[in-house]
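Undergrad: Dropping in run00.pdb, which is PDB, C-alpha atoms and all ligand atoms:
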```pdb
ATOM      1  CA  MET Q   1     -30.885  -3.919  12.508
ATOM      2  CA  ALA Q   2     -30.659  -4.032   8.699
ATOM      3  CA  LYS Q   3     -33.775  -2.813   7.017
ATOM      4  CA  GLY Q   4     -34.808  -5.094   4.183
ATOM      5  CA  ARG Q   5     -32.412  -5.622   1.294
ATOM      6  CA  MET Q   6     -29.007  -3.991   1.324
ATOM      7  CA  ALA Q   7     -28.567  -1.527  -1.502
ATOM      8  CA  PRO Q   8     -26.083  -2.942  -4.035
ATOM      9  CA  LYS Q   9     -22.804  -1.145  -3.473
ATOM     10  CA  ALA Q  10     -21.439   0.162  -6.736
ATOM     11  CA  CYS Q  11     -17.752   0.798  -7.215
ATOM     12  CA  ALA Q  12     -16.508   4.286  -8.043
ATOM     13  CA  ALA Q  13     -16.459   3.562 -11.795
ATOM     14  CA  CYS Q  14     -19.960   2.078 -11.956
ATOM     15  CA  ARG Q  15     -21.330   4.795  -9.715
ATOM     16  CA  SER Q  16     -19.916   7.547 -11.902
ATOM     17  CA  GLN Q  17     -21.450   5.815 -14.936
ATOM     18  CA  ARG Q  18     -24.707   5.384 -13.008
ATOM     19  CA  LYS Q  19     -24.842   1.671 -13.548
ATOM     20  CA  LYS Q  20     -25.054  -1.331 -11.283
ATOM     21  CA  CYS Q  21     -21.867  -2.978 -10.168
ATOM     22  CA  SER Q  22     -21.668  -6.738 -10.668
ATOM     23  CA  ASP Q  23     -19.633  -9.394  -8.886
ATOM     24  CA  GLU Q  24     -17.483  -9.595 -12.026
ATOM     25  CA  CYS Q  25     -16.683  -5.887 -12.002
ATOM     26  CA  LEU Q  26     -12.890  -5.637 -12.358
ATOM     27  CA  ILE Q  27     -12.803  -2.161 -10.904
ATOM     28  CA  ALA Q  28     -14.795  -2.861  -7.737
ATOM     29  CA  PRO Q  29     -12.020  -4.351  -5.548
ATOM     30  CA  HIS Q  30      -9.688  -1.455  -6.311
ATOM     31  CA  PHE Q  31     -11.842   1.647  -6.510
ATOM     32  CA  PRO Q  32     -14.546   1.604  -3.842
ATOM     33  CA  SER Q  33     -17.169   4.328  -4.111
ATOM     34  CA  ASP Q  34     -16.185   5.858  -0.765
ATOM     35  CA  ASP Q  35     -13.233   7.477  -2.503
ATOM     36  CA  MET Q  36     -14.627   8.880  -5.745
ATOM     37  CA  GLN Q  37     -11.809  11.388  -6.090
ATOM     38  CA  ARG Q  38      -9.154   8.674  -6.262
ATOM     39  CA  TYR Q  39     -10.976   7.034  -9.144
ATOM     40  CA  SER Q  40     -11.796  10.256 -10.961
ATOM     41  CA  ILE Q  41      -8.136  11.340 -11.088
ATOM     42  CA  VAL Q  42      -7.094   8.015 -12.636
ATOM     43  CA  GLN Q  43     -10.085   8.059 -14.970
ATOM     44  CA  LYS Q  44      -9.263  11.593 -16.177
ATOM     45  CA  VAL Q  45      -5.658  10.667 -16.956
ATOM     46  CA  TYR Q  46      -6.093   7.153 -18.377
ATOM     47  CA  GLY Q  47      -9.760   6.772 -19.247
ATOM     48  CA  PHE Q  48     -12.064   3.964 -18.153
ATOM     49  CA  ASN Q  49     -11.256   1.579 -21.029
ATOM     50  CA  ASN Q  50      -7.518   1.824 -20.422
ATOM     51  CA  ILE Q  51      -7.940   1.169 -16.701
ATOM     52  CA  VAL Q  52      -9.931  -1.977 -17.480
ATOM     53  CA  ARG Q  53      -7.397  -3.063 -20.136
ATOM     54  CA  MET Q  54      -4.463  -2.584 -17.771
ATOM     55  CA  LEU Q  55      -6.208  -4.496 -14.980
ATOM     56  CA  LYS Q  56      -6.851  -7.373 -17.387
ATOM     57  CA  ASP Q  57      -3.201  -7.368 -18.434
ATOM     58  CA  VAL Q  58      -1.856  -8.078 -14.949
ATOM     59  CA  LYS Q  59      -2.322 -11.109 -12.714
ATOM     60  CA  PRO Q  60      -5.062 -10.722 -10.094
ATOM     61  CA  GLU Q  61      -2.521 -10.736  -7.247
ATOM     62  CA  GLN Q  62      -0.624  -7.843  -8.872
ATOM     63  CA  ARG Q  63      -3.674  -5.665  -9.523
ATOM     64  CA  GLY Q  64      -3.488  -3.891  -6.167
ATOM     65  CA  ASP Q  65       0.063  -2.755  -6.871
ATOM     66  CA  ALA Q  66      -0.851  -1.832 -10.455
ATOM     67  CA  VAL Q  67      -3.722   0.346  -9.233
ATOM     68  CA  ASN Q  68      -1.533   2.052  -6.612
ATOM     69  CA  SER Q  69       0.940   2.806  -9.372
ATOM     70  CA  LEU Q  70      -1.810   4.208 -11.631
ATOM     71  CA  VAL Q  71      -3.055   6.435  -8.802
ATOM     72  CA  TYR Q  72       0.467   7.653  -8.079
ATOM     73  CA  GLU Q  73       1.220   8.359 -11.735
ATOM     74  CA  ALA Q  74      -2.122  10.050 -12.317
ATOM     75  CA  ARG Q  75      -1.638  12.353  -9.303
ATOM     76  CA  ALA Q  76       1.883  13.230 -10.478
ATOM     77  CA  ARG Q  77       0.500  13.953 -13.958
ATOM     78  CA  MET Q  78      -2.128  16.302 -12.478
ATOM     79  CA  GLU Q  79       0.524  18.156 -10.473
ATOM     80  CA  ASP Q  80       3.030  18.313 -13.293
ATOM     81  CA  PRO Q  81       1.295  17.785 -16.640
ATOM     82  CA  VAL Q  82       4.549  17.939 -18.601
ATOM     83  CA  ASN Q  83       6.807  15.593 -16.642
ATOM     84  CA  GLY Q  84       4.406  13.592 -14.500
ATOM     85  CA  CYS Q  85       6.210  11.178 -12.229
ATOM     86  CA  ALA Q  86       9.271  11.222 -14.549
ATOM     87  CA  ARG Q  87      10.478  14.225 -12.543
ATOM     88  CA  VAL Q  88      10.236  12.280  -9.278
ATOM     89  CA  VAL Q  89      11.964   9.262 -10.854
ATOM     90  CA  HIS Q  90      14.746  11.533 -12.127
ATOM     91  CA  GLU Q  91      15.208  13.140  -8.693
ATOM     92  CA  LEU Q  92      15.353   9.745  -6.997
ATOM     93  CA  GLN Q  93      17.880   8.463  -9.544
ATOM     94  CA  LYS Q  94      20.043  11.494  -8.819
ATOM     95  CA  GLN Q  95      19.811  10.766  -5.090
ATOM     96  CA  ILE Q  96      20.769   7.123  -5.689
ATOM     97  CA  ALA Q  97      23.812   8.187  -7.726
ATOM     98  CA  GLU Q  98      24.898  10.603  -4.972
ATOM     99  CA  LEU Q  99      24.454   7.982  -2.261
ATOM    100  CA  GLU Q 100      26.317   5.388  -4.324
ATOM    101  CA  SER Q 101      29.311   7.704  -4.684
ATOM    102  CA  GLN Q 102      29.215   8.467  -0.938
ATOM    103  CA  LEU Q 103      29.103   4.730  -0.266
ATOM    104  CA  ALA Q 104      32.060   4.096  -2.568
ATOM    105  CA  ALA Q 105      34.067   6.799  -0.768
ATOM    106  CA  LYS Q 106      33.235   5.275   2.645
ATOM    107  CA  GLN Q 107      34.171   1.798   1.390
ATOM    108  CA  GLU Q 108      37.516   3.119   0.244
ATOM    109  CA  GLU Q 109      38.018   4.727   3.662
ATOM    110  CA  ILE Q 110      37.267   1.391   5.351
ATOM    111  CA  MET Q 111      39.680  -0.416   3.007
ATOM    112  CA  ASN Q 112      42.405   2.057   3.911
ATOM    113  CA  MET Q 113      41.682   1.649   7.620
ATOM    114  CA  HIS Q 114      41.924  -2.147   7.272
ATOM    115  CA  PHE Q 115      45.187  -1.762   5.433
ATOM    116  CA  ALA Q 116      46.519   0.583   8.096
ATOM    117  CA  SER Q 117      45.507  -1.677  10.992
ATOM    118  CA  GLU Q 118      46.908  -4.819   9.370
ATOM    119  CA  ASN Q 119      50.232  -3.124   8.736
ATOM    120  CA  LEU Q 120      50.179  -0.800  11.679
ATOM    121  CA  LEU Q 121      53.290  -1.393  13.713
ATOM    122  CA  SER Q 122      55.538  -4.327  13.621
ATOM    123  CA  VAL Q 123      57.946  -4.045  16.501
ATOM    124  CA  ASP Q 124      61.100  -5.952  15.851
ATOM    125  CA  ALA Q 125      64.244  -5.499  17.921
ATOM    126  CA  GLY Q 126      63.701  -1.836  18.451
ATOM    127  CA  HIS Q 127      62.530  -1.085  14.903
ATOM    128  CA  VAL Q 128      59.151   0.361  14.275
ATOM    129  CA  LEU Q 129      58.207  -0.361  10.719
ATOM    130  CA  CYS Q 130      55.576   1.950   9.447
ATOM    131  CA  ALA Q 131      53.283   0.875   6.682
ATOM    132  CA  THR Q 132      53.102   2.661   3.415
ATOM    133  CA  SER Q 133      49.595   3.683   2.599
ATOM    134  CA  PRO Q 134      48.320   2.333  -0.703
ATOM    135  CA  GLN Q 135      48.358   5.830  -2.181
ATOM    136  CA  SER Q 136      51.751   7.018  -1.007
ATOM    137  CA  GLU Q 137      55.032   6.019  -2.556
ATOM    138  CA  TYR Q 138      57.130   6.477   0.529
ATOM    139  CA  SER Q 139      57.237   4.997   3.971
ATOM    140  CA  VAL Q 140      58.522   6.523   7.132
ATOM    141  CA  CYS Q 141      60.439   4.147   9.306
ATOM    142  CA  GLU Q 142      61.735   5.149  12.657
ATOM    143  CA  GLU Q 143      63.935   3.471  15.127
ATOM    144  CA  VAL Q 144      62.219   3.504  18.497
ATOM    145  CA  ASP Q 145      62.833   1.823  21.798
ATOM    146  CA  PRO Q 146      59.965  -0.719  21.990
ATOM    147  CA  MET Q 147      59.560   0.004  25.678
ATOM    148  CA  MET Q 148      58.588   3.555  24.762
ATOM    149  CA  LEU Q 149      55.450   2.191  23.177
ATOM    150  CA  TRP Q 150      54.215   0.972  26.558
ATOM    151  CA  GLU Q 151      54.783   4.201  28.349
ATOM    152  CA  PRO Q 152      51.269   5.555  27.939
ATOM    153  CA  LEU Q 153      49.919   2.422  29.655
ATOM    154  CA  TRP Q 154      52.102   2.947  32.694
ATOM    155  CA  ALA Q 155      51.070   6.524  32.909
ATOM    156  CA  VAL Q 156      47.434   5.563  33.447
TER     157      VAL Q 156
HETATM  158 ZN    ZN J 201     -18.122  -1.640 -10.588
END
```
Using structure tokens, write down the structure that the file contains.
Ligand SMILES: [Zn+2]
TA:
Amino acid sequence: MAKGRMAPKACAACRSQRKKCSDECLIAPHFPSDDMQRYSIVQKVYGFNNIVRMLKDVKPEQRGDAVNSLVYEARARMEDPVNGCARVVHELQKQIAELESQLAAKQEEIMNMHFASENLLSVDAGHVLCATSPQSEYSVCEEVDPMMLWEPLWAV
């Protein structure tokens, strides 16, 4: 099966610096050498020392997320050197604002429907009292034979 000693597997950073990777290498868990391009993009944008500094600054359990964020930001910076991922953030914020205003409009619609159903028709001795909508100043009240209301049911 395995022939002799396994070659020590260097991470992408150590491999690009042509040095051996140690068990203490901070980079190793996050930038394996089988994806050199992923590391090289981040290295070009941030530089090796900054990557190491940022990894040291965050808790070990948050380093995976931090690295994913660095990769994302570095790729955005390569695609759009001026704005980087700020453009994407701005677009998403615009979308959120649009969706929030759509949501507010739908909530108002629902409120009005609740109001209408609660006050729909109160049949009292032949009087149909119509509700005023919250926006309108007037109400239309008609006098109707209550039996008329049931007519559609008989027709079925
Ligand atoms: Zn390494």
Undergrad: I need the output of the PyMOL selection byres (((chain Q and resi 41) around 10) and not hetatm) for this file as a ChimeraX atom specification; which residues are they?
TA: /Q:36-40,42-47,70-75,77-78
Undergrad: Extract, using only C-alpha atoms, all DNA, RNA and protein residues at most 10 Å from Gly64 in chain Q, discarding same-chain residues fewer than 5 positions from it, and format them as JSON, numbers by chain.
TA: {"Q": [29, 30, 55, 58, 59, 69, 70]}
Undergrad: Just how far from CA of Cys11 in chain Q is CA of Ile27 in chain Q, in Å to one decimal?
TA: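 These atoms are spaced 6.8 Å apart.
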Undergrad: Around all listed atoms of range 24-33 of chain Q, padded 8 Å per side, what centre and edge lengths does the axis-aligned box have in Å to one decimal, as AutoDock Vina command-line options?
TA:
```
--center_x -13.6 --center_y -2.6 --center_z -8.1 --size_x 23.8 --size_y 29.9 --size_z 24.5
```
Undergrad: Which chains and residue numbers are within 8 Å of ligand ZN 201 (chain J), counting only C-alpha atoms and all ligand atoms, if I want them as number ranges by chain?
TA: Q: 10-15, 20-22, 25-28
Undergrad: In Å, with one decimal, what is the gap from CA of Val67 in chain Q to CA of Glu91 in chain Q?
TA: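 Going from CA of Val67 in chain Q over to CA of Glu91 in chain Q, I get 22.9 Å.
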Undergrad: Record the distance separating CA of Arg18 in chain Q and CA of Ser33 in chain Q, expressed in Å with one decimal.
TA: 11.7 Å
Undergrad: Point out the residue among Q:Gln102, Q:Gln62, Q:Asn50, Q:Ser16 with the least atom-to-atom distance to Phe31 in chain Q, counting only C-alpha atoms.
TA: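 Distance minimum relative to Phe31 in chain Q lands on Q:Ser16.
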